[in-house]
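Student: Pasting query15.cif below, which is mmCIF, C-alpha atoms and all ligand atoms.
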```cif
data_final
#
loop_
_atom_site.label_atom_id
_atom_site.label_comp_id
_atom_site.auth_asym_id
_atom_site.auth_seq_id
_atom_site.Cartn_x
_atom_site.Cartn_y
_atom_site.Cartn_z
CA MET N 1 0.00 0.00 0.00
CA TYR N 2 2.91 2.38 0.70
CA ASP N 3 6.11 2.95 -1.27
CA CYS N 4 7.91 4.78 1.55
CA ILE N 5 7.65 4.94 5.31
CA ILE N 6 9.06 8.01 7.03
CA VAL N 7 9.65 7.95 10.76
CA GLY N 8 9.18 11.43 12.26
CA ALA N 9 7.10 14.43 11.15
CA GLY N 10 9.71 17.09 11.92
CA ILE N 11 11.15 19.29 9.20
CA ALA N 12 13.33 16.47 7.85
CA GLY N 13 10.46 13.97 7.59
CA ALA N 14 7.88 16.48 6.34
CA VAL N 15 10.03 17.85 3.51
CA ALA N 16 11.09 14.36 2.39
CA ALA N 17 7.47 13.18 2.51
CA ARG N 18 6.17 16.04 0.39
CA LYS N 19 8.91 15.77 -2.22
CA LEU N 20 8.50 12.01 -2.59
CA ALA N 21 4.70 12.22 -2.70
CA GLU N 22 4.39 15.15 -5.03
CA GLU N 23 7.37 14.94 -7.35
CA LYS N 24 8.00 11.20 -7.45
CA GLY N 25 4.39 10.02 -7.07
CA LYS N 26 5.24 7.83 -4.06
CA ARG N 27 2.63 6.77 -1.52
CA VAL N 28 4.13 7.81 1.79
CA LEU N 29 3.27 6.82 5.34
CA VAL N 30 4.60 9.18 8.03
CA LEU N 31 4.81 7.75 11.56
CA GLU N 32 5.11 10.32 14.36
CA ARG N 33 5.18 9.28 17.97
CA ARG N 34 4.19 12.66 19.37
CA ALA N 35 0.56 13.75 19.28
CA HIS N 36 1.42 16.44 16.74
CA ILE N 37 3.39 17.13 13.56
CA GLY N 38 6.27 19.62 13.28
CA GLY N 39 8.88 17.98 15.55
CA ASN N 40 10.78 20.55 17.56
CA CYS N 41 9.55 23.38 15.32
CA TYR N 42 6.01 22.83 16.60
CA ASP N 43 4.14 25.93 17.81
CA GLU N 44 0.64 26.49 19.18
CA ARG N 45 -1.47 29.11 20.93
CA ASP N 46 -1.30 28.94 24.72
CA ALA N 47 -4.26 29.43 27.09
CA TYR N 48 -3.88 33.22 26.65
CA GLY N 49 -3.95 33.16 22.84
CA ILE N 50 -0.21 33.82 22.41
CA LEU N 51 1.55 31.72 19.77
CA ILE N 52 4.40 29.96 21.57
CA HIS N 53 7.18 27.62 20.47
CA ASN N 54 6.79 24.59 22.73
CA TYR N 55 10.31 23.26 22.16
CA GLY N 56 12.20 26.54 22.35
CA PRO N 57 12.30 29.61 20.10
CA HIS N 58 12.81 28.82 16.42
CA ILE N 59 13.79 31.51 13.93
CA PHE N 60 14.12 30.41 10.34
CA HIS N 61 17.17 31.92 8.68
CA THR N 62 18.76 31.12 5.37
CA ALA N 63 20.81 32.37 2.47
CA MET N 64 19.66 29.46 0.28
CA GLU N 65 17.21 30.75 -2.32
CA ASP N 66 15.93 27.27 -3.22
CA VAL N 67 15.17 26.42 0.42
CA PHE N 68 13.38 29.72 1.00
CA ALA N 69 11.39 29.30 -2.23
CA TYR N 70 10.42 25.74 -1.35
CA LEU N 71 9.10 26.58 2.13
CA SER N 72 7.40 29.70 0.75
CA ARG N 73 5.05 27.41 -1.18
CA PHE N 74 3.53 26.43 2.17
CA THR N 75 3.64 29.68 4.11
CA GLY N 76 3.93 33.45 4.03
CA TRP N 77 6.51 34.99 6.34
CA TYR N 78 6.91 37.45 9.16
CA LEU N 79 10.45 38.52 8.27
CA PHE N 80 12.67 40.59 10.55
CA GLY N 81 16.32 41.01 11.49
CA HIS N 82 16.59 38.83 14.60
CA GLU N 83 18.47 40.54 17.43
CA VAL N 84 19.61 39.09 20.76
CA VAL N 85 20.92 40.94 23.78
CA ALA N 86 22.85 39.63 26.77
CA LYS N 87 22.12 40.80 30.30
CA ILE N 88 25.51 41.63 31.76
CA GLY N 89 25.24 43.43 35.08
CA ASP N 90 22.55 46.08 34.58
CA GLU N 91 23.16 46.41 30.87
CA LEU N 92 21.67 44.75 27.80
CA LEU N 93 24.43 44.31 25.22
CA PRO N 94 24.08 43.18 21.59
CA ILE N 95 25.04 39.53 20.92
CA PRO N 96 27.07 38.33 19.04
CA PHE N 97 29.65 40.72 20.47
CA ASN N 98 30.27 43.25 17.68
CA LEU N 99 31.68 46.75 17.22
CA ASN N 100 28.55 48.31 18.74
CA THR N 101 29.00 46.12 21.83
CA LEU N 102 32.66 47.15 21.93
CA HIS N 103 31.66 50.82 22.10
CA MET N 104 29.15 50.14 24.87
CA VAL N 105 31.74 48.30 26.98
CA TYR N 106 34.75 50.56 26.51
CA GLY N 107 34.88 54.40 26.46
CA GLN N 108 34.82 56.18 23.09
CA GLU N 109 38.58 56.73 22.80
CA LYS N 110 39.61 53.22 23.77
CA ALA N 111 36.84 51.63 21.70
CA ASP N 112 37.94 53.58 18.60
CA GLU N 113 41.50 52.35 19.05
CA LEU N 114 40.40 48.74 19.64
CA GLU N 115 38.09 48.90 16.64
CA ARG N 116 41.00 49.98 14.42
CA LYS N 117 43.09 47.09 15.71
CA LEU N 118 40.33 44.51 15.18
CA ILE N 119 39.68 45.69 11.63
CA ALA N 120 43.42 45.69 10.85
CA ALA N 121 43.80 42.17 12.26
CA TYR N 122 40.73 40.48 10.78
CA GLY N 123 39.17 42.80 8.20
CA GLU N 124 35.86 44.62 8.39
CA GLY N 125 32.84 42.33 8.25
CA SER N 126 34.71 39.22 9.40
CA ARG N 127 33.50 36.67 11.93
CA VAL N 128 36.10 35.57 14.48
CA PRO N 129 35.61 32.54 16.74
CA ILE N 130 36.27 33.45 20.38
CA MET N 131 38.92 30.76 20.80
CA LYS N 132 40.80 32.26 17.85
CA LEU N 133 40.50 35.80 19.21
CA LYS N 134 42.03 34.61 22.49
CA GLU N 135 45.17 33.56 20.64
CA ASN N 136 45.90 36.99 19.13
CA GLU N 137 49.37 38.30 19.87
CA ASP N 138 48.23 41.85 20.57
CA ALA N 139 47.59 42.35 24.29
CA ASP N 140 44.72 44.80 23.63
CA ILE N 141 42.91 42.33 21.39
CA ARG N 142 43.48 39.62 23.97
CA GLU N 143 41.90 41.94 26.55
CA ILE N 144 38.74 42.16 24.45
CA ALA N 145 38.85 38.39 23.97
CA GLU N 146 39.13 37.91 27.72
CA TYR N 147 36.16 40.21 28.33
CA VAL N 148 34.03 38.36 25.76
CA TYR N 149 35.16 34.96 27.02
CA GLU N 150 34.33 35.78 30.65
CA ASN N 151 31.11 37.70 30.07
CA VAL N 152 29.57 36.06 27.03
CA PHE N 153 30.89 32.51 26.78
CA LEU N 154 32.17 30.99 30.00
CA ARG N 155 29.13 30.79 32.26
CA TYR N 156 26.69 30.46 29.39
CA THR N 157 28.62 27.49 28.00
CA MET N 158 28.90 25.92 31.46
CA LYS N 159 25.13 26.16 31.81
CA GLN N 160 24.35 24.98 28.29
CA TRP N 161 26.92 22.17 27.98
CA GLY N 162 28.12 21.52 31.52
CA GLN N 163 31.65 22.15 30.20
CA LYS N 164 34.01 25.06 29.55
CA PRO N 165 34.29 26.56 26.04
CA GLU N 166 37.72 24.99 25.56
CA GLU N 167 36.33 21.55 26.44
CA ILE N 168 33.59 21.52 23.80
CA SER N 169 33.83 21.25 20.03
CA PRO N 170 35.16 24.45 18.37
CA GLU N 171 32.26 24.00 15.93
CA VAL N 172 29.88 24.84 18.78
CA THR N 173 31.64 27.96 20.11
CA GLY N 174 32.18 29.02 16.49
CA ARG N 175 28.39 29.28 16.01
CA VAL N 176 28.41 32.60 17.91
CA PRO N 177 31.53 34.39 16.66
CA VAL N 178 32.75 37.92 17.42
CA LEU N 179 31.58 40.14 14.57
CA ILE N 180 33.90 42.81 13.25
CA SER N 181 30.95 44.91 12.08
CA ARG N 182 28.12 47.09 13.37
CA ASP N 183 25.50 44.51 12.44
CA ASN N 184 23.45 43.82 15.58
CA ARG N 185 21.58 40.92 13.99
CA TYR N 186 22.14 37.47 15.47
CA PHE N 187 22.19 35.86 12.03
CA GLN N 188 23.56 37.41 8.86
CA GLU N 189 21.55 35.51 6.24
CA LYS N 190 19.28 37.29 3.78
CA TYR N 191 16.03 35.71 4.96
CA GLN N 192 15.17 35.51 8.66
CA GLY N 193 11.84 35.28 10.39
CA VAL N 194 9.01 32.93 11.23
CA PRO N 195 6.11 31.53 9.18
CA LYS N 196 3.29 34.06 9.20
CA ASP N 197 0.67 31.71 10.71
CA GLY N 198 3.23 29.72 12.64
CA PHE N 199 5.38 26.66 11.92
CA THR N 200 2.60 24.15 12.58
CA SER N 201 0.38 25.61 9.83
CA MET N 202 3.32 25.42 7.43
CA PHE N 203 3.83 21.74 8.31
CA ALA N 204 0.09 21.01 7.98
CA ARG N 205 0.06 22.42 4.44
CA MET N 206 3.21 20.55 3.51
CA LEU N 207 1.83 17.21 4.68
CA ASP N 208 -1.57 17.83 3.14
CA HIS N 209 -1.19 15.76 -0.02
CA GLU N 210 -3.26 12.87 -1.38
CA ASN N 211 -0.22 10.56 -1.40
CA ILE N 212 0.70 11.25 2.23
CA THR N 213 -0.81 9.53 5.28
CA VAL N 214 0.27 10.85 8.67
CA ARG N 215 -0.20 8.78 11.81
CA CYS N 216 0.47 10.74 15.01
CA GLY N 217 0.86 8.93 18.32
CA ALA N 218 2.56 6.10 16.40
CA ASP N 219 5.99 5.01 17.64
CA CYS N 220 7.77 3.21 14.81
CA ARG N 221 9.04 0.61 17.25
CA GLU N 222 5.44 -0.44 17.81
CA VAL N 223 4.23 -0.13 14.23
CA LEU N 224 7.28 -1.57 12.48
CA ARG N 225 9.18 -4.71 13.38
CA PHE N 226 12.89 -4.94 12.79
CA SER N 227 14.06 -8.52 12.40
CA GLY N 228 17.30 -9.76 10.90
CA ASN N 229 18.05 -7.04 8.40
CA ALA N 230 14.45 -6.60 7.31
CA VAL N 231 11.71 -4.18 8.25
CA PHE N 232 8.19 -5.54 8.66
CA TYR N 233 5.02 -3.50 8.36
CA ASP N 234 1.56 -4.90 8.88
CA GLY N 235 2.97 -8.42 9.28
CA LYS N 236 4.78 -8.38 5.93
CA GLU N 237 8.32 -7.55 4.93
CA PHE N 238 8.31 -3.95 3.73
CA GLU N 239 10.12 -3.67 0.45
CA GLY N 240 9.87 0.08 -0.02
CA LYS N 241 12.20 2.70 1.38
CA VAL N 242 12.28 3.72 5.03
CA ILE N 243 13.57 7.14 6.08
CA TYR N 244 14.31 7.25 9.78
CA THR N 245 14.61 10.64 11.57
CA GLY N 246 14.52 9.40 15.18
CA ALA N 247 17.41 8.67 17.59
CA LEU N 248 19.63 5.89 16.28
CA ASP N 249 20.59 4.41 19.65
CA GLU N 250 16.91 3.98 20.58
CA LEU N 251 16.25 2.02 17.42
CA PHE N 252 18.75 -0.59 18.62
CA ASP N 253 17.59 -0.52 22.25
CA CYS N 254 20.73 1.42 23.24
CA ARG N 255 22.67 -1.85 23.13
CA PHE N 256 26.07 -0.12 23.07
CA GLY N 257 24.96 2.53 25.59
CA ARG N 258 23.10 5.80 25.18
CA LEU N 259 24.35 8.53 22.88
CA PRO N 260 24.94 11.57 25.13
CA TYR N 261 22.76 14.65 24.67
CA ARG N 262 21.97 17.89 26.45
CA SER N 263 18.33 18.43 27.20
CA LEU N 264 16.31 21.50 28.18
CA ASP N 265 13.57 22.18 30.66
CA PHE N 266 11.30 24.89 29.24
CA ARG N 267 9.38 26.87 31.88
CA PHE N 268 6.64 29.09 30.50
CA GLU N 269 5.22 32.07 32.40
CA HIS N 270 2.42 34.43 31.46
CA TYR N 271 2.17 38.05 32.61
CA ASP N 272 -0.86 40.30 32.45
CA ARG N 273 1.08 43.28 31.21
CA PRO N 274 2.12 44.55 27.77
CA SER N 275 5.76 43.50 28.01
CA TYR N 276 8.17 41.52 30.19
CA GLN N 277 11.58 42.44 28.80
CA GLY N 278 10.92 44.47 25.62
CA HIS N 279 13.10 42.10 23.55
CA SER N 280 12.42 38.77 21.88
CA VAL N 281 15.49 37.06 23.37
CA VAL N 282 17.67 38.02 26.34
CA ASN N 283 20.63 35.73 27.05
CA TYR N 284 21.82 35.42 30.65
CA THR N 285 25.53 34.97 30.13
CA VAL N 286 26.85 35.71 33.63
CA SER N 287 23.98 35.12 36.05
CA GLU N 288 20.95 32.86 36.69
CA ASP N 289 20.55 29.11 36.17
CA PHE N 290 18.61 29.49 32.95
CA THR N 291 20.40 30.41 29.71
CA ARG N 292 17.88 32.75 28.14
CA ILE N 293 14.39 34.22 28.27
CA THR N 294 12.30 34.43 25.11
CA GLU N 295 9.32 36.76 24.97
CA PHE N 296 7.22 35.35 22.15
CA LYS N 297 5.20 38.41 21.20
CA PHE N 298 8.37 40.11 19.93
CA LEU N 299 9.42 37.03 17.99
CA THR N 300 6.21 36.32 16.18
CA GLY N 301 4.72 39.76 15.47
CA GLN N 302 2.12 39.61 18.25
CA GLN N 303 2.97 43.00 19.80
CA ASP N 304 -0.75 43.87 19.87
CA ALA N 305 -1.60 41.09 22.35
CA ASP N 306 -2.63 42.41 25.80
CA GLY N 307 -0.57 40.05 27.94
CA THR N 308 2.77 38.39 27.32
CA THR N 309 4.19 34.87 27.56
CA ILE N 310 7.85 34.10 28.16
CA VAL N 311 9.92 30.94 28.42
CA LYS N 312 13.05 30.30 30.47
CA GLU N 313 15.43 27.52 29.36
CA TYR N 314 17.19 25.34 31.94
CA PRO N 315 19.73 22.94 30.39
CA PHE N 316 20.51 19.53 31.92
CA ALA N 317 22.16 16.23 30.95
CA TYR N 318 19.73 13.96 29.09
CA THR N 319 19.29 10.60 30.82
CA GLY N 320 16.66 8.96 28.62
CA ALA N 321 14.02 9.12 31.38
CA ASP N 322 10.37 9.30 30.29
CA GLY N 323 9.41 12.78 29.12
CA GLU N 324 12.98 13.96 28.52
CA ILE N 325 13.86 15.08 25.01
CA PRO N 326 17.38 14.82 23.57
CA TYR N 327 18.02 18.27 22.09
CA TYR N 328 21.70 18.79 21.42
CA ALA N 329 24.14 16.05 20.41
CA ILE N 330 27.39 16.43 22.34
CA LEU N 331 30.04 16.47 19.66
CA ASN N 332 33.32 14.79 20.55
CA ASP N 333 35.41 11.87 19.28
CA ASP N 334 34.12 9.29 21.79
CA ASN N 335 30.50 10.08 21.07
CA GLN N 336 31.10 10.06 17.34
CA ALA N 337 32.75 6.63 17.64
CA LEU N 338 29.72 5.35 19.56
CA TYR N 339 27.40 6.80 16.94
CA GLU N 340 29.40 5.06 14.18
CA ARG N 341 28.76 1.68 15.84
CA TYR N 342 25.02 2.29 15.60
CA ARG N 343 25.36 3.59 12.08
CA ALA N 344 27.09 0.39 11.03
CA LEU N 345 24.07 -1.59 12.29
CA ALA N 346 21.67 0.64 10.37
CA ALA N 347 23.78 0.29 7.21
CA GLU N 348 22.98 -3.43 7.16
CA ILE N 349 19.27 -2.77 6.66
CA PRO N 350 18.60 -2.38 2.92
CA ASN N 351 16.62 0.65 1.76
CA PHE N 352 16.96 2.26 5.18
CA TYR N 353 18.05 5.92 5.24
CA LEU N 354 19.11 8.09 8.16
CA LEU N 355 18.06 11.72 8.02
CA GLY N 356 17.82 14.48 10.61
CA ARG N 357 19.41 15.87 13.73
CA LEU N 358 18.73 12.71 15.78
CA ALA N 359 19.37 9.99 13.21
CA GLU N 360 22.60 11.68 12.14
CA TYR N 361 23.62 12.76 15.68
CA LYS N 362 24.37 16.24 14.43
CA TYR N 363 23.21 19.82 14.85
CA TYR N 364 21.26 21.16 11.88
CA ASN N 365 19.61 24.52 11.44
CA ILE N 366 16.18 24.30 9.84
CA ASP N 367 17.40 25.46 6.43
CA ALA N 368 20.25 22.95 6.30
CA MET N 369 17.78 20.23 7.29
CA VAL N 370 15.37 21.23 4.53
CA LYS N 371 18.20 21.16 2.01
CA LYS N 372 19.38 17.72 3.15
CA ALA N 373 15.82 16.33 3.00
CA MET N 374 15.32 17.75 -0.50
CA GLU N 375 18.56 16.15 -1.65
CA LEU N 376 17.72 12.76 -0.15
CA ALA N 377 14.27 12.73 -1.76
CA GLU N 378 15.87 13.62 -5.08
CA ARG N 379 18.42 10.85 -4.71
CA LEU N 380 15.78 8.25 -3.88
C1 LIG P 401 16.15 24.70 21.56
C2 LIG P 401 16.39 24.67 20.08
C3 LIG P 401 16.24 25.83 19.35
C4 LIG P 401 16.47 25.81 17.98
N1 LIG P 401 16.33 26.98 17.30
C5 LIG P 401 16.55 26.99 15.97
C6 LIG P 401 16.44 28.22 15.26
O1 LIG P 401 16.15 29.28 15.82
N2 LIG P 401 16.65 28.18 13.91
C7 LIG P 401 16.99 27.03 13.25
O2 LIG P 401 17.19 27.06 12.03
N3 LIG P 401 17.10 25.85 13.92
C8 LIG P 401 16.89 25.81 15.25
N4 LIG P 401 17.00 24.62 15.93
C9 LIG P 401 17.26 23.38 15.17
C10 LIG P 401 15.95 22.73 14.68
O3 LIG P 401 15.16 22.40 15.78
C11 LIG P 401 16.29 21.48 13.86
O4 LIG P 401 16.95 21.85 12.68
C12 LIG P 401 15.08 20.68 13.43
O5 LIG P 401 14.18 20.46 14.47
C13 LIG P 401 15.54 19.35 12.91
O6 LIG P 401 14.44 18.64 12.41
P1 LIG P 401 14.36 17.07 12.48
O7 LIG P 401 13.19 16.70 11.64
O8 LIG P 401 15.67 16.47 12.18
O9 LIG P 401 14.14 16.73 14.04
P2 LIG P 401 12.88 16.89 14.99
O10 LIG P 401 12.24 18.21 14.84
O11 LIG P 401 13.34 16.49 16.34
O12 LIG P 401 11.87 15.80 14.44
C14 LIG P 401 12.05 14.41 14.64
C15 LIG P 401 10.70 13.79 14.85
O13 LIG P 401 10.80 12.37 14.90
C16 LIG P 401 9.93 11.87 15.87
N5 LIG P 401 10.36 10.55 16.30
C17 LIG P 401 11.52 10.23 16.94
N6 LIG P 401 11.56 8.92 17.21
C18 LIG P 401 10.43 8.38 16.72
C19 LIG P 401 9.89 7.06 16.70
N7 LIG P 401 10.53 6.03 17.26
N8 LIG P 401 8.69 6.84 16.09
C20 LIG P 401 8.01 7.89 15.54
N9 LIG P 401 8.46 9.15 15.55
C21 LIG P 401 9.66 9.41 16.13
C22 LIG P 401 10.01 12.90 16.98
O14 LIG P 401 8.88 12.83 17.84
C23 LIG P 401 10.08 14.21 16.19
O15 LIG P 401 8.79 14.76 15.98
C24 LIG P 401 16.84 24.61 17.32
C25 LIG P 401 17.00 23.45 18.06
C26 LIG P 401 16.78 23.48 19.43
C27 LIG P 401 16.99 22.21 20.20
#
```
Please express the file's structure as C-alpha cells.
Tutor:
Amino acid sequence: MYDCIIVGAGIAGAVAARKLAEEKGKRVLVLERRAHIGGNCYDERDAYGILIHNYGPHIFHTAMEDVFAYLSRFTGWYLFGHEVVAKIGDELLPIPFNLNTLHMVYGQEKADELERKLIAAYGEGSRVPIMKLKENEDADIREIAEYVYENVFLRYTMKQWGQKPEEISPEVTGRVPVLISRDNRYFQEKYQGVPKDGFTSMFARMLDHENITVRCGADCREVLRFSGNAVFYDGKEFEGKVIYTGALDELFDCRFGRLPYRSLDFRFEHYDRPSYQGHSVVNYTVSEDFTRITEFKFLTGQQDADGTTIVKEYPFAYTGADGEIPYYAILNDDNQALYERYRALAAEIPNFYLLGRLAEYKYYNIDAMVKKAMELAERL
C-alpha cells in the first residue's frame, strides 16, 4: 500500500514526505510518535492566545534561495532582522559581540582604538571565533577576547553544555563568533523570520497531499518490526524505502549505551502586562541558572496582544528518562565513535536511510535540514 515509510514528522520527515509524494508520485506513510506534527519546530497558541514555540524559540534563517522558495510554497513569512541581547550586570548588550558592543563596553577613545586594531587584524565584516580571538598576539585584542570569554561565553557554555568553552567542540563555540561589524543581527543571512501563521500551519500544508498519510501517536518501534536485516510493516516484509529521523541508539535498544545529549527544561510564564523584557530574546551569560528568556510576542509579530508569555530555558544532561527530550548532540570523538557503531548496524538494513538531527547525531539549522531532505528525496 505504501512505497515509503518516514519515521518522524519534523522538518526532515515532512520535507522528504512532500517531495516524494508530489514529485515522485510515491505513496508515503509518516509515523510520528508525538501527538502532533512539526517535531521541535512545533508551535501552538497557549491558554492566553499567544503563539508559543513549545520546544524553544525557532527563527528560520537562510541564504539558500531554493530552500526559502520551497518553504514559501507552504507559508507566508513574518520577516525581521533577529536581534539578541545579553544581560551583563545592569546592561543589555548586543550579541554576538560586535563593534557596537565594543563601544558600549569601553569608552569612546579606547573603543575607537580597539576597533581599528580589530579591523586591521581580521578585516571589516569578518566573523572571528572566540577561541581564535584569544590567541591573538596583541595584548589589547586579547583583553577584548578575555572580556568576551568571561562575560559572554564561560558561564553560558557551562550552563548549556556543563563544560568550559575549551572543552567543547570548536564548531559549537564558532556558532556565535565575534563580529567585526556594526551589524546587531544574530544571524547574517538574507532571509530571517518565522512563518506568518506559525510553523505548525506550514507543516500542515506541507503534509496535506493525497499521497501522504500521517499517523500521530505512532511510535515506529510499535508499528514496524525490525528482524534480521528486514523491516516488517503490517505483518509483511516492507520492500519500499524507510527514512528514519529518530534517535539511532533507541532504534537498537541502546545496546552499546546511550548517545549523550543535552536536554532542556522549558518553563513558560504568562504576565498580564504589555511587556516583560521588551526584547524577543535576552541571554543570561553571567547570572541565573537558565540560559535565556524568550518573549514570544516580539518574535512572532504579536505585539498587539494584551498580555505576554515568556519561556526560560534550563539545560541539563539527558538521561533517557520518560518525558525527557534529547536536544543537542554532544560532539566529541568518543560520542562520534559510539554513533558510528550504531550507524554500522543501520547500514545493514537495505533501503533504510538516516536523516535528521537525531538519526545523524548532528546539529542542523532548519534550512540545512530542509536542504538535506530535498537532496535525499531527489536521490531516492
Ligand atoms: C532549543 C532549540 C532551538 C532551535 N532553534 C533553531 C532556530 O532558531 N533556527 C533554526 O534554524 N534551527 C533551530 N533549531 C534546530 C531545529 O530544531 C532542527 O533543525 C530541526 O528540528 C531538525 O528537524 P528534524 O526533523 O531532524 O528533528 P525533529 O524536529 O526532532 O523531528 C524528529 C521527529 O521524529 C519523531 N520521532 C523520533 N523517534 C520516533 C519514533 N521512534 N517513532 C516515531 N516518531 C519518532 C520525533 O517525535 C520528532 O517529531 C533549534 C534546536 C533546538 C533544540
Student: Between N:Ser201, N:Ser126, N:Ser227, N:Ser287, which residue has the minimum interatomic distance to Arg45 in chain N, considering all atoms listed in the file?
Tutor: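 Of all the options, N:Ser201 lies closest to Arg45 in chain N.
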Student: Name each residue within 8 Å of ligand LIG 401 (chain P), counting only C-alpha atoms and all ligand atoms, as a PyMOL selection string.
Tutor: chain N and resi 7-14+31-34+36-42+55-62+217-221+245-247+250-251+264+327-328+355-359+363-369
Student: So, counting all atoms listed in the file, which residue among N:Leu299, N:Asp253, N:Thr101, N:Ala230 is closest to Ala347 in chain N?
Tutor: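 That would be N:Ala230, the residue with the smallest distance to Ala347 in chain N.
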Student: Which residues are close to Tyr339 in chain N, i.e. within 8 Å by all atoms listed in the file, leaving aside same-chain residues fewer than 5 positions away? Reply as a PyMOL selection string.
Tutor: chain N and resi 248-249+259+361
Student: Counting all atoms listed in the file, find residues at most 12 Å from (22.3, 32.1, 39.0) (file frame) and give them as a PyMOL selection string.
Tutor: chain N and resi 155-156+158-159+284-292+314
Student: Nearest to Ile243 in chain N: which of N:Tyr318, N:Phe268, N:Phe352, N:Tyr78 is it, counting only C-alpha atoms?
Tutor: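 Going through N:Tyr318, N:Phe268, N:Phe352, N:Tyr78 one by one, the smallest distance to Ile243 in chain N is for N:Phe352.
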Student: Skip Asp272 in chain N itself and residues of its chain fewer than 3 positions away, then list as a list in words all residues within 12 Å of it, counting only C-alpha atoms.
Tutor: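 The residues that qualify are Tyr48, Ile50, Glu269, Ser275, Tyr276, Ala305, Asp306, Gly307, Thr308, Thr309 and Ile310 of chain N.
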Student: Choose the residue, out of N:Arg116, N:Ala139, N:Leu29, N:Asp66, that has the smallest atom-to-atom separation from Lys372 in chain N; count only C-alpha atoms.
Tutor: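 The answer is N:Asp66, which sits nearest to Lys372 in chain N.
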Student: Please list as a PyMOL selection string every residue within 6 Å of Thr294 in chain N, counting all atoms listed in the file and excluding residues in the same chain fewer than 5 positions away.
Tutor: chain N and resi 280-281+310-311
Student: Output C-alpha atoms for every residue in the selection just made, as an mmCIF file, keeping the file's coordinate frame.
Tutor:
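To be explicit, this is the file written out as selection-v9.cif:
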```cif
data_model
loop_
_atom_site.group_PDB
_atom_site.id
_atom_site.type_symbol
_atom_site.label_atom_id
_atom_site.label_comp_id
_atom_site.auth_asym_id
_atom_site.auth_seq_id
_atom_site.Cartn_x
_atom_site.Cartn_y
_atom_site.Cartn_z
ATOM 1 C CA SER N 280 12.420 38.770 21.880
ATOM 2 C CA VAL N 281 15.490 37.060 23.370
ATOM 3 C CA ILE N 310 7.850 34.100 28.160
ATOM 4 C CA VAL N 311 9.920 30.940 28.420
#
```
Student: Could you work out an axis-aligned bounding box for all listed atoms of range 363-373 of chain N, with 3 Å added on each of the six sides, and give its centre and edge lengths in Å to one decimal, as lines of an AutoDock Vina configuration file?
Tutor:
```
center_x = 19.3
center_y = 20.9
center_z = 8.4
size_x = 13.8
size_y = 15.1
size_z = 18.8
```
Student: Find the residue from N:Lys236, N:Ile330, N:Val370, N:Lys362 that sits nearest to Ile168 in chain N; use only C-alpha atoms when measuring.
Tutor: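 Nearest candidate to Ile168 in chain N out of N:Lys236, N:Ile330, N:Val370, N:Lys362: N:Ile330.
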Student: Please, what distance in Å, to one decimal, runs between CA of Glu324 in chain N and CA of Cys4 in chain N?
Tutor: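 One can read the CA of Glu324 in chain N to CA of Cys4 in chain N distance as 28.9 Å.
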Student: Take range 313-326 of chain N, model N, CA and C atoms, and hand the result over as a short mmCIF file (atom, residue, chain, number, x, y, z; two decimals), keeping the file's coordinate frame.
Tutor:
```cif
data_model
loop_
_atom_site.label_atom_id
_atom_site.label_comp_id
_atom_site.auth_asym_id
_atom_site.auth_seq_id
_atom_site.Cartn_x
_atom_site.Cartn_y
_atom_site.Cartn_z
N GLU N 313 14.84 28.82 29.74
CA GLU N 313 15.43 27.52 29.36
C GLU N 313 16.48 27.09 30.37
N TYR N 314 16.23 25.92 30.98
CA TYR N 314 17.19 25.34 31.94
C TYR N 314 17.80 24.08 31.32
N PRO N 315 19.09 24.12 30.98
CA PRO N 315 19.73 22.94 30.39
C PRO N 315 20.04 21.87 31.45
N PHE N 316 20.07 20.62 31.04
CA PHE N 316 20.51 19.53 31.92
C PHE N 316 20.97 18.35 31.06
N ALA N 317 21.66 17.40 31.70
CA ALA N 317 22.16 16.23 30.95
C ALA N 317 21.01 15.26 30.72
N TYR N 318 20.80 14.91 29.47
CA TYR N 318 19.73 13.96 29.09
C TYR N 318 20.06 12.58 29.65
N THR N 319 19.04 11.94 30.27
CA THR N 319 19.29 10.60 30.82
C THR N 319 18.48 9.52 30.11
N GLY N 320 17.52 9.95 29.29
CA GLY N 320 16.66 8.96 28.62
C GLY N 320 15.40 8.67 29.42
N ALA N 321 15.22 9.35 30.56
CA ALA N 321 14.02 9.12 31.38
C ALA N 321 12.77 9.56 30.61
N ASP N 322 11.64 8.97 30.97
CA ASP N 322 10.37 9.30 30.29
C ASP N 322 10.13 10.81 30.30
N GLY N 323 9.73 11.35 29.18
CA GLY N 323 9.41 12.78 29.12
C GLY N 323 10.58 13.65 28.75
N GLU N 324 11.80 13.15 28.91
CA GLU N 324 12.98 13.96 28.52
C GLU N 324 13.15 13.92 27.00
N ILE N 325 13.62 15.02 26.46
CA ILE N 325 13.86 15.08 25.01
C ILE N 325 15.34 15.36 24.76
N PRO N 326 15.97 14.53 23.91
CA PRO N 326 17.38 14.82 23.57
C PRO N 326 17.43 15.98 22.58
#
```
